[in-house]
Amino acid sequence: MTKVNQNFLKLPGSYLFSEVARRISAYSAANPQAKIIKLSIGDVTRPLVPAVIEAMHKAVDEMGAEETFRGYGPEQGYDFLRDAIAEHDYKARGVDIAPDEIFVSDGAKSDCGNIGDIFGVDNVVAVCDPVYPVYVDTNAMAGRAGDYQEELGRWNKLVYMPCVEANGFSPEIPKEKADIIYLCFPNNPTGAVATRDQLKEWVDYANKNGSVILYDSAYKAFITEEDVPHTIYEIEGARTCAIEFRSYSKTAGFTGNRCAYTVVPKDLERDGAKINALWNRRQCTKFNGVPYVVQRGAAAIYTPEGKRQTQDVIDYYHANTKVIMDGLSKAGLSASGGVNAPYIWLKTPDNMGSWDFFDLLLDKANVACTPGAGFGPSGEGYVRLTAFGGAEATKEAVERIVKML
Ligand code: MLT
C-alpha cells in the first residue's frame with residue numbers, strides 16, 4: 001500500500017491563516033449583516049503601481065508577437081531583474097551581492113519552505129517564538145521538528161527562542177547548539193527589528209558553530225529608522241553563514257502577482273558543499289522560473305517612477321500603522337511594532353487568551369485579527385493587526401475596537 005509522509009499526520013489542525021479565514025467565513029455565514037474589516041492576514045489592498053502595470057502590459061505585448069515571444073525562462077530569473085536587484089537592493093546599501101547569487105522565485109513563503117530540501121533531516125532548527133508558521137510547519141513536514149506536544153503548543157525537537165516583552169521581542173542565542181536558525185526582521189508577527197550589534201552576535205555565532213542563518217527580510221521596505229539594517233549582508237561575516245529571503249509581495253503589492261528572490265552567497269559552504277550550487281541544483285530540478293511578464297513588472301519598481309510610486313504605497317500603509325497605534329494607545333492598550341513594520345503586536349486586555357480576544361473582536365467589533373498564540377506559545381496573550389487595509393476601513397476598525405473596549 002502507498003505510504004504517506006507520516007510527518008504530515010503529526011501537524012496540528014490547519015495552517016494558521018487558513019484557520020483564521022475559516023473562522024471569519026463561518027462567522028460571516030452566521031451573521032450575514034456583519035461588515036467585517038480584516039486586519040488579519042498580511043495581504044495588501046493597494047493596486048499595483050502604474051510603472052509596474054505599464055511594464056507588464058508591454059511584456060504581455062512582447063509575449064504576443066513571434067519575434068519577442070519567450071518560452072521557458074532561466075530558472076534563476078532573468079538577468080534584467082537579477083542585475084537590478086544586485087544594483088538597487090544591495091550595491092546601493094554598500095553591499096556586494098553578485099547577480100548569480102540571486103535566485104528569483106514565486107514567493108518568500110515557497111523559498112523559506114523549499115530551502116529545507118538542501119539540508120539534512122537531522123539538523124537542529126531554532127525558531128523565534130512567536131514565529132511565521134511556515135518555518136515551523138515546513139520543518140515539521142520534513143521530519144526535523146519531531147513530535148507536536150499539544151499541551152505545550154510546540155514541537156519537541158525544535159529550539160524555541162522566546163521573543164517577549166522582557167527581551168524587547170528579540171531572540172537570544174539559545175543554549176542548545178542550533179544548526180539552522182530562522183530570523184525574520186522586521187519581524188513577523190511582532191514588528192520588532194534587530195540592531196546591527198544583535199545581528200553581529202548571530203553572524204558570529206553561526207560562523208563559529210558552522211550554522212546557517214535563514215534571514216527573512218520580506219518587510220525591509222517598511223523600515224523607517226535610520227540605523228536599522230536592511231539586509232543581513234550589511235553585517236560583516238554574513239556572506240559565510242546567511243541566506244536571505246526577500247519578496248515583492250509587501251514591497252510592491254505582489255501578493256497576487258508572485259515574485260520574490262533568495263540570496264545564497266557563493267562564500268557559504270557547509271559539510272563540504274557550496275550552498276549556492278545546491279540551491280541552484282534544487283531550483284533547476286523543481287522550478288521553472290517566474291513568468292516573464294511578472295519579472296518585468298518587478299524590474300519596473302527599480303525605475304525612478306517605480307521607486308517613487310511604491311514608496312507612496314508604503315507611506316500609505318505606514319499612515320494606517322499610525323492610525324492603529326494612536327487609537328490603541330488612546331484606548332489605553334499596550335502595543336508595539338508598527339514603526340519599521342506593517343504589523344502591530346497588541347497585548348490583549350486583562351490577559352485574555354489570544355483566540356478568545358480574536359472571537360470577541362470579531363463578534364463585538366466585526367474586526368478580524370490574527371491570534372498571537374497561532375504564531376507560537378509566546379504569542380499567547382497577544383494578537384497581530386496589519387496595516388495593509390484601506391485607510392478608511394482601518395480608521396473605522398480602530399474606532400470600533402476603541403468603542404468595544
Ligand atoms: C502574514 O500575514 O503573515 C503573511 O501575509 C503571510 C505570508 O506572507 O505568507
# chains A, B, ... in the order shown; residues from 1 in each chain; ligands from 1
call {"tool": "select_by_dssp", "arguments": {"residues": "range 167-399 of chain A", "states": "strand (DSSP E)", "output": "ChimeraX atom specification"}}
result
/A:180-184,212-216,242-247,260-263,269-270,273-274,335-337,343-347,367-368,370-371,382-386
call {"tool": "residues_around", "arguments": {"residues": "Ile243 in chain A", "least_positions_apart": "4", "cutoff": "12 Å", "atoms": "only C-alpha atoms", "output": "ChimeraX atom specification"}}
result
/A:97,101-103,108,111-112,115-116,180-184,203,206,211-217,231-233,238-239,261-269,275-276,279
call {"tool": "residues_near_ligand", "arguments": {"ligand": "ligand 1", "cutoff": "10 Å", "atoms": "only C-alpha atoms and all ligand atoms", "output": "count of residues only"}}
result
34
call {"tool": "select_by_dssp", "arguments": {"residues": "range 85-319 of chain A", "states": "alpha helix (DSSP H)", "output": "PyMOL selection string"}}
result
chain A and resi 108-114+133-142+196-209+249-252+275-286+292-299+304-319
call {"tool": "write_last_selection", "arguments": {"atoms": "C-alpha atoms", "output": "PDB file, in the first residue's frame"}}
result
ATOM      1  CA  ALA A 108       9.444  34.065   0.056  1.00  0.00           C
ATOM      2  CA  LYS A 109       6.952  31.647   1.579  1.00  0.00           C
ATOM      3  CA  SER A 110       7.843  28.994  -1.015  1.00  0.00           C
ATOM      4  CA  ASP A 111      11.569  29.627  -0.659  1.00  0.00           C
ATOM      5  CA  CYS A 112      11.504  29.584   3.164  1.00  0.00           C
ATOM      6  CA  GLY A 113       9.814  26.205   2.929  1.00  0.00           C
ATOM      7  CA  ASN A 114      11.726  24.765  -0.035  1.00  0.00           C
ATOM      8  CA  PRO A 133       4.298  29.478  10.975  1.00  0.00           C
ATOM      9  CA  VAL A 134       5.791  28.485   7.613  1.00  0.00           C
ATOM     10  CA  TYR A 135       9.237  27.924   9.163  1.00  0.00           C
ATOM     11  CA  VAL A 136       7.823  25.568  11.780  1.00  0.00           C
ATOM     12  CA  ASP A 137       5.319  23.683   9.639  1.00  0.00           C
ATOM     13  CA  THR A 138       7.724  23.052   6.762  1.00  0.00           C
ATOM     14  CA  ASN A 139      10.350  21.662   9.133  1.00  0.00           C
ATOM     15  CA  ALA A 140       7.677  19.502  10.713  1.00  0.00           C
ATOM     16  CA  MET A 141       6.734  18.194   7.253  1.00  0.00           C
ATOM     17  CA  ALA A 142      10.386  17.380   6.577  1.00  0.00           C
ATOM     18  CA  ARG A 196      23.457  45.799  13.970  1.00  0.00           C
ATOM     19  CA  ASP A 197      25.045  44.570  17.195  1.00  0.00           C
ATOM     20  CA  GLN A 198      22.370  41.942  17.703  1.00  0.00           C
ATOM     21  CA  LEU A 199      22.759  40.668  14.145  1.00  0.00           C
ATOM     22  CA  LYS A 200      26.539  40.653  14.520  1.00  0.00           C
ATOM     23  CA  GLU A 201      26.167  38.315  17.506  1.00  0.00           C
ATOM     24  CA  TRP A 202      24.092  35.941  15.387  1.00  0.00           C
ATOM     25  CA  VAL A 203      26.535  36.050  12.492  1.00  0.00           C
ATOM     26  CA  ASP A 204      29.482  35.374  14.801  1.00  0.00           C
ATOM     27  CA  TYR A 205      27.594  32.522  16.452  1.00  0.00           C
ATOM     28  CA  ALA A 206      26.706  30.958  13.096  1.00  0.00           C
ATOM     29  CA  ASN A 207      30.243  31.222  11.723  1.00  0.00           C
ATOM     30  CA  LYS A 208      31.731  29.803  14.907  1.00  0.00           C
ATOM     31  CA  ASN A 209      29.303  26.867  15.085  1.00  0.00           C
ATOM     32  CA  SER A 249       4.571  40.930  -2.001  1.00  0.00           C
ATOM     33  CA  LYS A 250       4.552  43.667   0.593  1.00  0.00           C
ATOM     34  CA  THR A 251       7.106  45.949  -1.065  1.00  0.00           C
ATOM     35  CA  ALA A 252       5.169  46.341  -4.299  1.00  0.00           C
ATOM     36  CA  ILE A 275      25.189  26.000  -0.732  1.00  0.00           C
ATOM     37  CA  ASN A 276      24.717  28.231  -3.787  1.00  0.00           C
ATOM     38  CA  ALA A 277      25.355  25.229  -6.069  1.00  0.00           C
ATOM     39  CA  LEU A 278      22.930  23.044  -4.102  1.00  0.00           C
ATOM     40  CA  TRP A 279      20.162  25.633  -4.257  1.00  0.00           C
ATOM     41  CA  ASN A 280      20.787  26.141  -7.950  1.00  0.00           C
ATOM     42  CA  ARG A 281      20.547  22.381  -8.471  1.00  0.00           C
ATOM     43  CA  ARG A 282      17.314  22.251  -6.480  1.00  0.00           C
ATOM     44  CA  GLN A 283      15.740  25.147  -8.375  1.00  0.00           C
ATOM     45  CA  CYS A 284      16.745  23.839 -11.814  1.00  0.00           C
ATOM     46  CA  THR A 285      15.161  20.491 -10.979  1.00  0.00           C
ATOM     47  CA  LYS A 286      11.968  21.590  -9.272  1.00  0.00           C
ATOM     48  CA  TYR A 292       8.449  36.861 -17.811  1.00  0.00           C
ATOM     49  CA  VAL A 293       5.580  39.333 -17.516  1.00  0.00           C
ATOM     50  CA  VAL A 294       5.758  39.256 -13.718  1.00  0.00           C
ATOM     51  CA  GLN A 295       9.535  39.695 -13.686  1.00  0.00           C
ATOM     52  CA  ARG A 296       9.209  42.707 -15.990  1.00  0.00           C
ATOM     53  CA  GLY A 297       6.704  44.126 -13.515  1.00  0.00           C
ATOM     54  CA  ALA A 298       9.122  43.520 -10.635  1.00  0.00           C
ATOM     55  CA  ALA A 299      12.011  45.155 -12.502  1.00  0.00           C
ATOM     56  CA  PRO A 304      12.785  56.211 -10.696  1.00  0.00           C
ATOM     57  CA  GLU A 305       8.976  56.338 -11.161  1.00  0.00           C
ATOM     58  CA  GLY A 306       8.603  52.795  -9.854  1.00  0.00           C
ATOM     59  CA  LYS A 307      10.602  53.644  -6.741  1.00  0.00           C
ATOM     60  CA  ARG A 308       8.596  56.791  -6.080  1.00  0.00           C
ATOM     61  CA  GLN A 309       5.246  55.120  -6.661  1.00  0.00           C
ATOM     62  CA  THR A 310       5.985  52.083  -4.490  1.00  0.00           C
ATOM     63  CA  GLN A 311       7.287  54.352  -1.720  1.00  0.00           C
ATOM     64  CA  ASP A 312       3.959  56.227  -1.840  1.00  0.00           C
ATOM     65  CA  VAL A 313       2.163  52.946  -1.243  1.00  0.00           C
ATOM     66  CA  ILE A 314       4.442  52.058   1.659  1.00  0.00           C
ATOM     67  CA  ASP A 315       3.761  55.525   3.110  1.00  0.00           C
ATOM     68  CA  TYR A 316       0.044  54.890   2.757  1.00  0.00           C
ATOM     69  CA  TYR A 317       0.349  51.713   4.845  1.00  0.00           C
ATOM     70  CA  HIS A 318       2.566  53.493   7.331  1.00  0.00           C
ATOM     71  CA  ALA A 319      -0.168  56.094   7.820  1.00  0.00           C
TER      72      ALA A 319
END
call {"tool": "residues_around", "arguments": {"residues": "range 62-73 of chain A", "least_positions_apart": "4", "cutoff": "9 Å", "atoms": "only C-alpha atoms", "output": "number ranges by chain"}}
result
A: 57-58, 77-78, 288-293
call {"tool": "closest_residue", "arguments": {"among": "A:Asp326, A:Asp61, A:Glu380, A:Asp122", "to": "Val402 in chain A", "atoms": "only C-alpha atoms"}}
result
A:Asp326
call {"tool": "residues_around", "arguments": {"residues": "Phe169 in chain A", "least_positions_apart": "5", "cutoff": "8 Å", "atoms": "only C-alpha atoms", "output": "PyMOL selection string"}}
result
chain A and resi 162-164+190+192
call {"tool": "write_last_selection", "arguments": {"atoms": "all heavy atoms", "output": "PDB file, in the first residue's frame"}}
result
ATOM      1  N   PRO A 162      12.275  32.444  22.737  1.00  0.00           N
ATOM      2  CA  PRO A 162      11.185  33.354  23.083  1.00  0.00           C
ATOM      3  C   PRO A 162      11.511  34.811  22.734  1.00  0.00           C
ATOM      4  O   PRO A 162      12.619  35.280  23.005  1.00  0.00           O
ATOM      5  CB  PRO A 162      11.033  33.182  24.600  1.00  0.00           C
ATOM      6  CG  PRO A 162      11.742  31.920  24.927  1.00  0.00           C
ATOM      7  CD  PRO A 162      12.805  31.738  23.905  1.00  0.00           C
ATOM      8  N   CYS A 163      10.576  35.468  22.120  1.00  0.00           N
ATOM      9  CA  CYS A 163      10.709  36.900  21.827  1.00  0.00           C
ATOM     10  C   CYS A 163       9.551  37.564  22.570  1.00  0.00           C
ATOM     11  O   CYS A 163       8.414  37.529  22.089  1.00  0.00           O
ATOM     12  CB  CYS A 163      10.600  37.171  20.330  1.00  0.00           C
ATOM     13  SG  CYS A 163      11.885  36.342  19.399  1.00  0.00           S
ATOM     14  N   VAL A 164       9.866  38.075  23.719  1.00  0.00           N
ATOM     15  CA  VAL A 164       8.834  38.577  24.619  1.00  0.00           C
ATOM     16  C   VAL A 164       9.158  40.006  25.036  1.00  0.00           C
ATOM     17  O   VAL A 164      10.238  40.516  24.724  1.00  0.00           O
ATOM     18  CB  VAL A 164       8.714  37.651  25.860  1.00  0.00           C
ATOM     19  CG1 VAL A 164       8.115  36.300  25.478  1.00  0.00           C
ATOM     20  CG2 VAL A 164      10.066  37.451  26.524  1.00  0.00           C
ATOM     21  N   THR A 190       5.789  40.319  15.347  1.00  0.00           N
ATOM     22  CA  THR A 190       5.832  41.369  16.389  1.00  0.00           C
ATOM     23  C   THR A 190       6.155  42.763  15.858  1.00  0.00           C
ATOM     24  O   THR A 190       5.945  43.748  16.558  1.00  0.00           O
ATOM     25  CB  THR A 190       6.883  41.032  17.474  1.00  0.00           C
ATOM     26  OG1 THR A 190       8.183  41.098  16.876  1.00  0.00           O
ATOM     27  CG2 THR A 190       6.653  39.664  18.086  1.00  0.00           C
ATOM     28  N   ALA A 192       9.084  43.858  15.512  1.00  0.00           N
ATOM     29  CA  ALA A 192      10.357  44.300  16.099  1.00  0.00           C
ATOM     30  C   ALA A 192      11.474  44.261  15.048  1.00  0.00           C
ATOM     31  O   ALA A 192      11.366  43.554  14.044  1.00  0.00           O
ATOM     32  CB  ALA A 192      10.724  43.380  17.264  1.00  0.00           C
TER      33      ALA A 192
END
call {"tool": "residues_around", "arguments": {"residues": "Glu234 in chain A", "least_positions_apart": "5", "cutoff": "8 Å", "atoms": "only C-alpha atoms", "output": "ChimeraX atom specification"}}
result
/A:93-95,229
call {"tool": "residues_around", "arguments": {"residues": "range 344-349 of chain A", "least_positions_apart": "2", "cutoff": "8 Å", "atoms": "only C-alpha atoms", "output": "list of chain:residue names"}}
result
A:Pro189, A:Thr190, A:Gly191, A:Thr321, A:Ile324, A:Met325, A:Leu333, A:Ser334, A:Ala335, A:Ser336, A:Gly337, A:Gly338, A:Ala341, A:Pro342, A:Asn351, A:Met352, A:Gly353, A:Ser354, A:Phe357, A:Gly381, A:Tyr382, A:Val383, A:Arg384, A:Leu385, A:Thr386, A:Ala387
call {"tool": "decode", "arguments": {"residues": "range 264-349 of chain A", "atoms": "C-alpha atoms", "output": "PDB file, in the first residue's frame"}}
result
ATOM      1  CA  VAL A 264      22.692  32.468  -1.494  1.00  0.00           C
ATOM      2  CA  PRO A 265      26.273  33.773  -1.351  1.00  0.00           C
ATOM      3  CA  LYS A 266      28.940  31.748  -3.076  1.00  0.00           C
ATOM      4  CA  ASP A 267      31.092  32.005   0.064  1.00  0.00           C
ATOM      5  CA  LEU A 268      28.614  29.905   2.023  1.00  0.00           C
ATOM      6  CA  GLU A 269      29.864  26.343   2.394  1.00  0.00           C
ATOM      7  CA  ARG A 270      28.735  23.656   4.792  1.00  0.00           C
ATOM      8  CA  ASP A 271      29.501  19.961   5.052  1.00  0.00           C
ATOM      9  CA  GLY A 272      31.933  20.240   2.143  1.00  0.00           C
ATOM     10  CA  ALA A 273      29.318  21.655  -0.233  1.00  0.00           C
ATOM     11  CA  LYS A 274      28.705  25.049  -1.786  1.00  0.00           C
ATOM     12  CA  ILE A 275      25.189  26.000  -0.732  1.00  0.00           C
ATOM     13  CA  ASN A 276      24.717  28.231  -3.787  1.00  0.00           C
ATOM     14  CA  ALA A 277      25.355  25.229  -6.069  1.00  0.00           C
ATOM     15  CA  LEU A 278      22.930  23.044  -4.102  1.00  0.00           C
ATOM     16  CA  TRP A 279      20.162  25.633  -4.257  1.00  0.00           C
ATOM     17  CA  ASN A 280      20.787  26.141  -7.950  1.00  0.00           C
ATOM     18  CA  ARG A 281      20.547  22.381  -8.471  1.00  0.00           C
ATOM     19  CA  ARG A 282      17.314  22.251  -6.480  1.00  0.00           C
ATOM     20  CA  GLN A 283      15.740  25.147  -8.375  1.00  0.00           C
ATOM     21  CA  CYS A 284      16.745  23.839 -11.814  1.00  0.00           C
ATOM     22  CA  THR A 285      15.161  20.491 -10.979  1.00  0.00           C
ATOM     23  CA  LYS A 286      11.968  21.590  -9.272  1.00  0.00           C
ATOM     24  CA  PHE A 287      11.245  25.099 -10.512  1.00  0.00           C
ATOM     25  CA  ASN A 288      10.746  26.619 -13.934  1.00  0.00           C
ATOM     26  CA  GLY A 289      11.082  30.271 -13.093  1.00  0.00           C
ATOM     27  CA  VAL A 290       8.717  33.189 -12.578  1.00  0.00           C
ATOM     28  CA  PRO A 291       6.670  34.348 -15.594  1.00  0.00           C
ATOM     29  CA  TYR A 292       8.449  36.861 -17.811  1.00  0.00           C
ATOM     30  CA  VAL A 293       5.580  39.333 -17.516  1.00  0.00           C
ATOM     31  CA  VAL A 294       5.758  39.256 -13.718  1.00  0.00           C
ATOM     32  CA  GLN A 295       9.535  39.695 -13.686  1.00  0.00           C
ATOM     33  CA  ARG A 296       9.209  42.707 -15.990  1.00  0.00           C
ATOM     34  CA  GLY A 297       6.704  44.126 -13.515  1.00  0.00           C
ATOM     35  CA  ALA A 298       9.122  43.520 -10.635  1.00  0.00           C
ATOM     36  CA  ALA A 299      12.011  45.155 -12.502  1.00  0.00           C
ATOM     37  CA  ALA A 300       9.882  48.273 -13.032  1.00  0.00           C
ATOM     38  CA  ILE A 301       9.877  49.043  -9.325  1.00  0.00           C
ATOM     39  CA  TYR A 302      13.595  49.874  -9.613  1.00  0.00           C
ATOM     40  CA  THR A 303      12.982  52.668 -12.131  1.00  0.00           C
ATOM     41  CA  PRO A 304      12.785  56.211 -10.696  1.00  0.00           C
ATOM     42  CA  GLU A 305       8.976  56.338 -11.161  1.00  0.00           C
ATOM     43  CA  GLY A 306       8.603  52.795  -9.854  1.00  0.00           C
ATOM     44  CA  LYS A 307      10.602  53.644  -6.741  1.00  0.00           C
ATOM     45  CA  ARG A 308       8.596  56.791  -6.080  1.00  0.00           C
ATOM     46  CA  GLN A 309       5.246  55.120  -6.661  1.00  0.00           C
ATOM     47  CA  THR A 310       5.985  52.083  -4.490  1.00  0.00           C
ATOM     48  CA  GLN A 311       7.287  54.352  -1.720  1.00  0.00           C
ATOM     49  CA  ASP A 312       3.959  56.227  -1.840  1.00  0.00           C
ATOM     50  CA  VAL A 313       2.163  52.946  -1.243  1.00  0.00           C
ATOM     51  CA  ILE A 314       4.442  52.058   1.659  1.00  0.00           C
ATOM     52  CA  ASP A 315       3.761  55.525   3.110  1.00  0.00           C
ATOM     53  CA  TYR A 316       0.044  54.890   2.757  1.00  0.00           C
ATOM     54  CA  TYR A 317       0.349  51.713   4.845  1.00  0.00           C
ATOM     55  CA  HIS A 318       2.566  53.493   7.331  1.00  0.00           C
ATOM     56  CA  ALA A 319      -0.168  56.094   7.820  1.00  0.00           C
ATOM     57  CA  ASN A 320      -2.501  53.200   8.694  1.00  0.00           C
ATOM     58  CA  THR A 321       0.009  51.942  11.252  1.00  0.00           C
ATOM     59  CA  LYS A 322      -0.022  55.338  12.905  1.00  0.00           C
ATOM     60  CA  VAL A 323      -3.824  55.412  12.988  1.00  0.00           C
ATOM     61  CA  ILE A 324      -3.863  51.978  14.629  1.00  0.00           C
ATOM     62  CA  MET A 325      -1.107  52.749  17.141  1.00  0.00           C
ATOM     63  CA  ASP A 326      -2.655  56.121  18.116  1.00  0.00           C
ATOM     64  CA  GLY A 327      -6.116  54.603  18.533  1.00  0.00           C
ATOM     65  CA  LEU A 328      -4.876  51.701  20.619  1.00  0.00           C
ATOM     66  CA  SER A 329      -2.823  53.936  22.853  1.00  0.00           C
ATOM     67  CA  LYS A 330      -5.805  56.293  23.343  1.00  0.00           C
ATOM     68  CA  ALA A 331      -7.793  53.270  24.435  1.00  0.00           C
ATOM     69  CA  GLY A 332      -5.065  52.535  26.996  1.00  0.00           C
ATOM     70  CA  LEU A 333      -3.902  49.385  25.243  1.00  0.00           C
ATOM     71  CA  SER A 334      -0.323  48.263  25.047  1.00  0.00           C
ATOM     72  CA  ALA A 335       1.009  47.656  21.547  1.00  0.00           C
ATOM     73  CA  SER A 336       4.403  47.530  19.843  1.00  0.00           C
ATOM     74  CA  GLY A 337       5.806  47.186  16.329  1.00  0.00           C
ATOM     75  CA  GLY A 338       4.460  49.350  13.556  1.00  0.00           C
ATOM     76  CA  VAL A 339       7.388  51.768  13.253  1.00  0.00           C
ATOM     77  CA  ASN A 340       9.571  49.630  10.968  1.00  0.00           C
ATOM     78  CA  ALA A 341       6.946  47.072  10.041  1.00  0.00           C
ATOM     79  CA  PRO A 342       3.367  46.811   8.809  1.00  0.00           C
ATOM     80  CA  TYR A 343       2.412  44.745  11.874  1.00  0.00           C
ATOM     81  CA  ILE A 344       1.190  45.837  15.276  1.00  0.00           C
ATOM     82  CA  TRP A 345       1.583  43.452  18.184  1.00  0.00           C
ATOM     83  CA  LEU A 346      -1.240  44.141  20.597  1.00  0.00           C
ATOM     84  CA  LYS A 347      -1.332  42.847  24.144  1.00  0.00           C
ATOM     85  CA  THR A 348      -4.829  41.600  24.900  1.00  0.00           C
ATOM     86  CA  PRO A 349      -6.595  43.427  27.716  1.00  0.00           C
TER      87      PRO A 349
END
